[in-house]
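A.B. asks: Below you'll find the structure I mean.
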Amino acid sequence: MTEPIFEPIKGTYVRLSLDGRSHRLYFEEAGQGIPLVCLHTAGADGRQFRHLLNDEAITRHFRVLAFDMPWHGKSLPPAGWQDEEYRLTTRGYVDLILAFCAALGLERPVALGCSIGGKIVLELARAHPERFRALIGLESAAYQPPWYDDTGWLHRPDVHGGELCGALMSGLIAPQSPDETRWETLWGYMQGGPGVFKGDLHFYRVDGDFRDRIGQIDTGRCPLYLLTGEYDFSCTPEDTRLTAEKIPGARFTVMTEIGHFPMAENPAHFRRYILPVLDEIRAAAR
Amino acid sequence: MSAAAAETHASILSLPQLVNDDAGLVRRGRYLTATFLVEAGDLEFLVRVVEGRVVAVERGPFLMRSWTFALRASAETWQRFWEAVPAPGYHDLFAMKKLGVARIEGDLAPLMAHLRYVKDVVAAPRRARRR
């Protein structure tokens with residue numbers, strides 16, 4: 001029998017009050033040093049960051065934390081959810097991130113978010129730069145034109161939401177990404193609660209149109225890195241470029257052979273892009 | 001007929017064998033019975049699916065025929081879609097739609113309910129090229 005392998009990740013729950021309601025939030029962490037808060041994509045959960053959490057080159061210098069948003073993964077929806085339609089808003093998302101950082105006493109963390117997580121770091125950069133050491137947006141843009149009209153397909157009784165979310169997201173993964181991590185990423189999408197992905201997309205597509213406000217971002221107060229995969233047709237490199245051009249000092253990188261889920265779909269390849277960014281942030285902290 | 005058109009037509013006509021030889025694909029499509037149209041430039045094909053098996057591919061032109069949904073692109077676009085490692089924008093049906101080189105029309109409910117199956121059916125020639 002081979003020896004069992006225990007990963008260095010620890011998971012636990014924290015109770016947070018958000019918008020006057022009690023929430024039970026699950027998060028995982030590994031490593032020590034500069035706090036690095038990871039924000040997962042719409043309709044998914046913190047498992048997308050398991051490779052970062054297991055990467056000793058990162059956890060040697062960073063305390064990596066990844067929470068499951070309310071309604072996602074092992075975090076519960078708040079009591080009373082059964083009579084509501086879930087909708088993520090800019091304000092609610094910012095409050096969640098700040099409440100999580102405050103609850104854990106994180107001092108000027110780095111926030112790294114992907115897709116909706118990448119979009120919200122733009123708002124953190126605009127409204128709360130003093131609270132963060134650096135901000136990293138993956139597949140992030142102030143605005144991205146939609147690629148289908150009706151998100152209602154994602155939540156209706158005659159179409160299996162999980163099967164559809166997986167099938168839609170499959171196209172956002174680069175053809176070069178390995179089968180194992182491709183299908184693990186899609187498995188996460190297949191597991192989302194009913195209507196949750198659709199509710200996240202309210203922020204991604206409607207409430208989170210930041211074209212009118214990204215000009216207020218001052219990267220002198222908090223460095224901003226934007227990295228987008230060439231196979232992402234939801235938030236394209238062109239969408240990110242248009243955003244970066246309006247933010248003096250923003251650092252923009254196109255990642256080749258990567259789609260919408262860099263850290264999850266091809267973690268080994270993504271390291272080539274993220275390790276230099278994290279090195280730079282660490283060097284600036286010394 | 002251009003070389004791209006001839007190759008595209010051959011690929012579409014190969015769908016019954018490519019799909020029916022793939023037991024997992026047939027299993028995932030077992031609740032779909034429908035006819036969908038694949039347009040490749042100025043030629044149309046009707047693909048008849050019965051419980052996950054492609055039982056017929058009929059080549060047009062057609063005068064007046066029923067179909068459930070249609071996937072339309074040029075012959076050259078389908079060739080790019082079926083490359084072993086397609087370029088960004090040509091790697092997925094919805095990517096091509098967003099790029100403006102493909103159209104998806106008709107009754108979308110059966111398509112969305114069986115999206116993984118339909119995507120895998122139309123991408124079958126790519127998987128064959130990778131082998």
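Each chain of the structure tokens is named A, B, ... in the order shown, its residues numbered from 1; ligands are numbered from 1 in display order.
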Which residues of chain A are close to chain B, meaning at most 6 Å apart when you count only C-alpha atoms, and how do they look as an NGL selection string?
C.D. replies: :A and (147 or 159 or 167 or 171 or 231 or 233)
A.B. asks: Could you dump the residues just selected with N, CA and C atoms as a compact mmCIF listing (two decimals), in the first residue's frame?
C.D. replies:
```
# COMPACT_ATOMS: atom_id res chain seq x y z
N TRP A 147 -22.06 36.96 -24.38
CA TRP A 147 -21.98 36.00 -25.49
C TRP A 147 -23.21 35.14 -25.61
N VAL A 159 -34.25 22.36 -18.04
CA VAL A 159 -32.84 22.23 -18.43
C VAL A 159 -32.03 22.04 -17.15
N ALA A 167 -21.44 22.55 -19.69
CA ALA A 167 -21.31 22.54 -21.15
C ALA A 167 -20.98 23.93 -21.69
N GLY A 171 -16.31 25.58 -23.22
CA GLY A 171 -15.73 26.33 -24.33
C GLY A 171 -14.77 27.42 -23.89
N TYR A 231 -7.63 32.30 -24.84
CA TYR A 231 -8.79 31.53 -25.28
C TYR A 231 -10.07 31.94 -24.55
N PHE A 233 -13.19 33.81 -24.35
CA PHE A 233 -14.04 34.65 -25.19
C PHE A 233 -15.18 35.27 -24.40
```
A.B. asks: Taking the chain letters and numbering used in this document, name the residues of chain B that DSSP puts in alpha helix (DSSP H), as an MDAnalysis selection string.
C.D. replies: chainID B and resid 3:13 15:20 23:28 75:81 93:99 108:113 115:122 124:130
A.B. asks: For A:Ile116, which residue out of A:Ala174, A:Ala283, A:Leu224, A:Ala142 is the nearest one, using only C-alpha atoms?
C.D. replies: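 Looking at the shortest contact to A:Ile116, the residue is A:Ala142.
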